[in-house]
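Below is one structure, written out as structure tokens; the observations come after it.
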Amino acid sequence: PQSVVEISKRCFDKCTGLQKVTFQGKLTRIGSGAFQRCSSLSELSLPPSLKTICDFAFRECFKLSKVTIPDSVNEIWDGAFMECTALTQLRLPPSVTIIDSYLFNKCTSLNDIIIPPSVTLIGGYAFRGCSSLSKISLPPSLTSIGGEAFKECTLLKEITIPSSVTKIGKDAFDNCSDLAQITLPSSLDLTNTGIKPETKLIYINPDLNTPTIES
């Protein structure tokens with residue numbers, strides 16, 4: 001109804017027959033686990049009034065293949081789309097600054113993600129197990145990549161880490177079996193990041209902002 005401004009915590013949890021949701025009115029917040037385990041839900045177009053998607057809001061919506069997130073959204077909490085195994089692509093709105101922990105964990109069909117230039121942090125486990133993700137573009141505003149953020153992204157072939165990044169967490173790139181090349185600032189500590197010894201590293205000169213290959 002038009003009067004609803006918030007969908008409360010676990011409101012539709014395990015509604016396995018729910019296939020479609022129509023949002024109306026002035027909805028601003030989708031609560032924690034509100035639609036988690038709605039295993040028949042296949043498509044979402046969220047309203048332009050929405051501000052916050054809380055943690056695990058759509059976790060384990062196994063048939064969810066398409067999501068439209070409006071530009072009004074400025075917070076997407078941890079695990080909101082965790083294990084949405086049919087989700088193939090997503091555009092994050094320009095006001096989002098954090099990709100929270102577990103946000104797309106085990107989204108095994110995700111192959112295209114648009115990250116806005118506002119994002120400064122990718123949380124731990126954010127893209128872990130995204131086994132269809134072959135490329136990703138990180139914004140120049142990014143400062144930190146959390147532990148196991150890209151672990152088991154087995155199709156990821158190359159990645160450029162912007163010079164703004166000062167920290168990569170433990171095992172961030174562990175078990176990225178196809179990762180052949182990384183472009184990164186020379187100041188980064190790669191200890192325990194899970195990067196394979198045979199991965200080609202191209203270091204960025206921070207003064208000239210041009211890559212130089214280390215032999």
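Just remember, in the structure tokens the first chain shown is A, the second B, etc., residues are 1-based per chain, and ligands are 1-based in the order shown.
These are the residues of region 14-51 of chain A assigned strand (DSSP E) by DSSP from backbone coordinates: Arg29, Ile30, Glu43, Leu44 and Ser45 of chain A.
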Under the rule of at most 7 Å, produce a per-residue listing of region 27-115 of chain A near region 125-146 of chain A: chain, number, name, the closest pair of atoms, and the distance in Å, as CSV, using only C-alpha atoms.
residue,atom,partner,partner_atom,distance
A:Ile99,CA,A:Ala126,CA,6.9
A:Asp100,CA,A:Ala126,CA,6.4
A:Ser101,CA,A:Ala126,CA,4.9
A:Tyr102,CA,A:Ala126,CA,4.2
A:Leu103,CA,A:Ala126,CA,4.9
A:Phe104,CA,A:Phe127,CA,5.1
A:Asn105,CA,A:Phe127,CA,4.9
A:Lys106,CA,A:Gly129,CA,4.5
A:Cys107,CA,A:Cys130,CA,5.2
A:Thr108,CA,A:Cys130,CA,4.6
A:Ser109,CA,A:Ser132,CA,5.3
A:Leu110,CA,A:Ser132,CA,5.7
A:Asn111,CA,A:Leu133,CA,4.3
A:Asp112,CA,A:Leu133,CA,6.8
A:Ile113,CA,A:Ile136,CA,6.9
A:Ile115,CA,A:Leu138,CA,6.8
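Contact shell of region 7-11 of chain A at 9 Å (only C-alpha atoms; same-chain neighbours under 3 positions omitted): Val4, Lys14, Leu27, Thr28, Arg29, Ile30, Gly31, Ser32, Gly33, Ala34, Phe35, Gln36, Cys54 and Ala57 of chain A.
Remark: for Ser40 (chain A), the closest of the candidate residues A:Thr183, A:Thr16, A:Ser163, A:Thr120 is A:Thr16 (distances computed over only C-alpha atoms).
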*asked:* Need to verify the contact set: Ala172 (chain A), 9 Å, only C-alpha atoms, exclusion of same-chain residues closer than 5 positions in sequence. Can you return it as a ChimeraX atom specification?
replied: /A:124-125,128,145-151,192-195
For the residues in the current selection, export C-alpha atoms as a short mmCIF file (atom, residue, chain, number, x, y, z; two decimals), in the first residue's frame.
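And here is the file that came out, again.cif:
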data_model
loop_
_atom_site.label_atom_id
_atom_site.label_comp_id
_atom_site.auth_asym_id
_atom_site.auth_seq_id
_atom_site.Cartn_x
_atom_site.Cartn_y
_atom_site.Cartn_z
CA GLY A 124 35.50 -8.93 3.28
CA TYR A 125 33.99 -11.82 1.29
CA ARG A 128 33.81 -14.54 -2.78
CA ILE A 145 39.89 -4.39 -0.31
CA GLY A 146 38.78 -6.71 2.48
CA GLY A 147 39.90 -10.23 3.30
CA GLU A 148 38.72 -12.93 0.86
CA ALA A 149 36.89 -10.24 -1.13
CA PHE A 150 37.55 -12.00 -4.45
CA LYS A 151 38.43 -15.46 -3.21
CA ASN A 192 49.09 -13.24 2.49
CA THR A 193 46.78 -11.82 -0.20
CA GLY A 194 46.52 -15.19 -1.92
CA ILE A 195 48.01 -13.96 -5.21
#
*Quick one: everything within 8 Å of Arg91 (chain A), counting only C-alpha atoms, minus sequence neighbours fewer than 2 positions away in the same chain. Send it as a list in words.*
Thr68, Ile69, Gln89, Pro93, Ile113, Ile114 and Ile115 of chain A
_With distances taken over only C-alpha atoms, which residue among A:Ser95, A:Lys66, A:Leu46, A:Asp189 lies nearest Gly169 (chain A)?_
A:Asp189
*Can you work out the spacing between CA of Ile122 (chain A) and CA of Leu155 (chain A) in Å, to one decimal?*
19.1 Å
*Pick the closest to Cys84 (chain A) from A:Val165, A:Pro116, A:Leu41, A:Leu50: which is it, counting only C-alpha atoms?*
A:Leu41
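Nearest to Tyr203 (chain A) of all the residues A:Leu188, A:Leu44, A:Leu179, A:Ile76 is A:Leu188, counting only C-alpha atoms.
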*Skip Thr97 (chain A) itself and residues of its chain fewer than 3 positions away, then list as a ChimeraX atom specification all residues within 9 Å of it, counting only C-alpha atoms.*
/A:74-75,94,116-121
Please produce a file of those selected residues containing C-alpha atoms, as a PDB file, in the first residue's frame.
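Saved result, part-v8.pdb, follows:
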ATOM      1  CA  ASN A  74      22.770   5.110  -0.566  1.00  0.00           C
ATOM      2  CA  GLU A  75      23.151   2.093   1.749  1.00  0.00           C
ATOM      3  CA  PRO A  94      26.190   6.439  -7.578  1.00  0.00           C
ATOM      4  CA  PRO A 116      30.338   3.728  -9.101  1.00  0.00           C
ATOM      5  CA  PRO A 117      33.261   6.133  -8.506  1.00  0.00           C
ATOM      6  CA  SER A 118      31.869   6.887  -5.042  1.00  0.00           C
ATOM      7  CA  VAL A 119      32.931   3.505  -3.609  1.00  0.00           C
ATOM      8  CA  THR A 120      35.889   3.648  -1.198  1.00  0.00           C
ATOM      9  CA  LEU A 121      35.729   0.201   0.423  1.00  0.00           C
TER      10      LEU A 121
END
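Candidate residues A:Glu152, A:Asp71, A:Glu60, A:Glu158 were compared for distance to Asp174 (chain A), and the nearest is A:Glu152, using only C-alpha atoms.
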Find the residues near Lys196 (chain A): any atom within 9 Å, counting only C-alpha atoms, skip ones fewer than 4 places away on the same chain, and give them as an mmCIF file with all heavy atoms, in the first residue's frame.
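What landed in around25.cif:
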data_model
loop_
_atom_site.group_PDB
_atom_site.id
_atom_site.type_symbol
_atom_site.label_atom_id
_atom_site.label_comp_id
_atom_site.auth_asym_id
_atom_site.auth_seq_id
_atom_site.Cartn_x
_atom_site.Cartn_y
_atom_site.Cartn_z
ATOM 1 N N PHE A 173 42.607 -12.590 -2.915
ATOM 2 C CA PHE A 173 42.594 -13.175 -4.256
ATOM 3 C C PHE A 173 42.957 -14.660 -4.228
ATOM 4 O O PHE A 173 43.430 -15.212 -5.225
ATOM 5 C CB PHE A 173 43.549 -12.408 -5.178
ATOM 6 C CG PHE A 173 43.135 -10.981 -5.417
ATOM 7 C CD1 PHE A 173 43.697 -9.955 -4.669
ATOM 8 C CD2 PHE A 173 42.171 -10.669 -6.353
ATOM 9 C CE1 PHE A 173 43.312 -8.632 -4.873
ATOM 10 C CE2 PHE A 173 41.778 -9.356 -6.565
ATOM 11 C CZ PHE A 173 42.351 -8.331 -5.817
ATOM 12 N N ASP A 174 42.713 -15.300 -3.127
ATOM 13 C CA ASP A 174 43.026 -16.726 -2.977
ATOM 14 C C ASP A 174 42.135 -17.566 -3.901
ATOM 15 O O ASP A 174 40.947 -17.284 -4.066
ATOM 16 C CB ASP A 174 42.823 -17.146 -1.522
ATOM 17 C CG ASP A 174 43.378 -18.523 -1.236
ATOM 18 O OD1 ASP A 174 44.392 -18.905 -1.846
ATOM 19 O OD2 ASP A 174 42.787 -19.234 -0.391
ATOM 20 N N ASN A 175 42.724 -18.594 -4.484
ATOM 21 C CA ASN A 175 42.002 -19.522 -5.367
ATOM 22 C C ASN A 175 41.376 -18.840 -6.580
ATOM 23 O O ASN A 175 40.357 -19.309 -7.099
ATOM 24 C CB ASN A 175 40.924 -20.297 -4.589
ATOM 25 C CG ASN A 175 41.507 -21.320 -3.638
ATOM 26 O OD1 ASN A 175 42.671 -21.713 -3.767
ATOM 27 N ND2 ASN A 175 40.720 -21.747 -2.664
ATOM 28 N N CYS A 176 41.953 -17.741 -7.016
ATOM 29 C CA CYS A 176 41.578 -17.133 -8.306
ATOM 30 C C CYS A 176 42.450 -17.807 -9.356
ATOM 31 O O CYS A 176 43.481 -17.257 -9.770
ATOM 32 C CB CYS A 176 41.771 -15.623 -8.281
ATOM 33 S SG CYS A 176 40.657 -14.758 -7.161
ATOM 34 N N SER A 177 42.053 -18.973 -9.768
ATOM 35 C CA SER A 177 42.928 -19.858 -10.538
ATOM 36 C C SER A 177 43.298 -19.320 -11.914
ATOM 37 O O SER A 177 44.342 -19.679 -12.465
ATOM 38 C CB SER A 177 42.276 -21.234 -10.677
ATOM 39 O OG SER A 177 40.959 -21.126 -11.194
ATOM 40 N N LEU A 179 43.638 -16.004 -12.632
ATOM 41 C CA LEU A 179 44.171 -14.643 -12.519
ATOM 42 C C LEU A 179 45.626 -14.610 -12.997
ATOM 43 O O LEU A 179 46.524 -15.104 -12.327
ATOM 44 C CB LEU A 179 44.068 -14.148 -11.079
ATOM 45 C CG LEU A 179 44.411 -12.672 -10.833
ATOM 46 C CD1 LEU A 179 43.503 -11.756 -11.652
ATOM 47 C CD2 LEU A 179 44.271 -12.332 -9.345
ATOM 48 N N ALA A 180 45.822 -14.002 -14.177
ATOM 49 C CA ALA A 180 47.143 -14.020 -14.808
ATOM 50 C C ALA A 180 47.887 -12.704 -14.668
ATOM 51 O O ALA A 180 49.117 -12.684 -14.742
ATOM 52 C CB ALA A 180 47.000 -14.372 -16.286
#
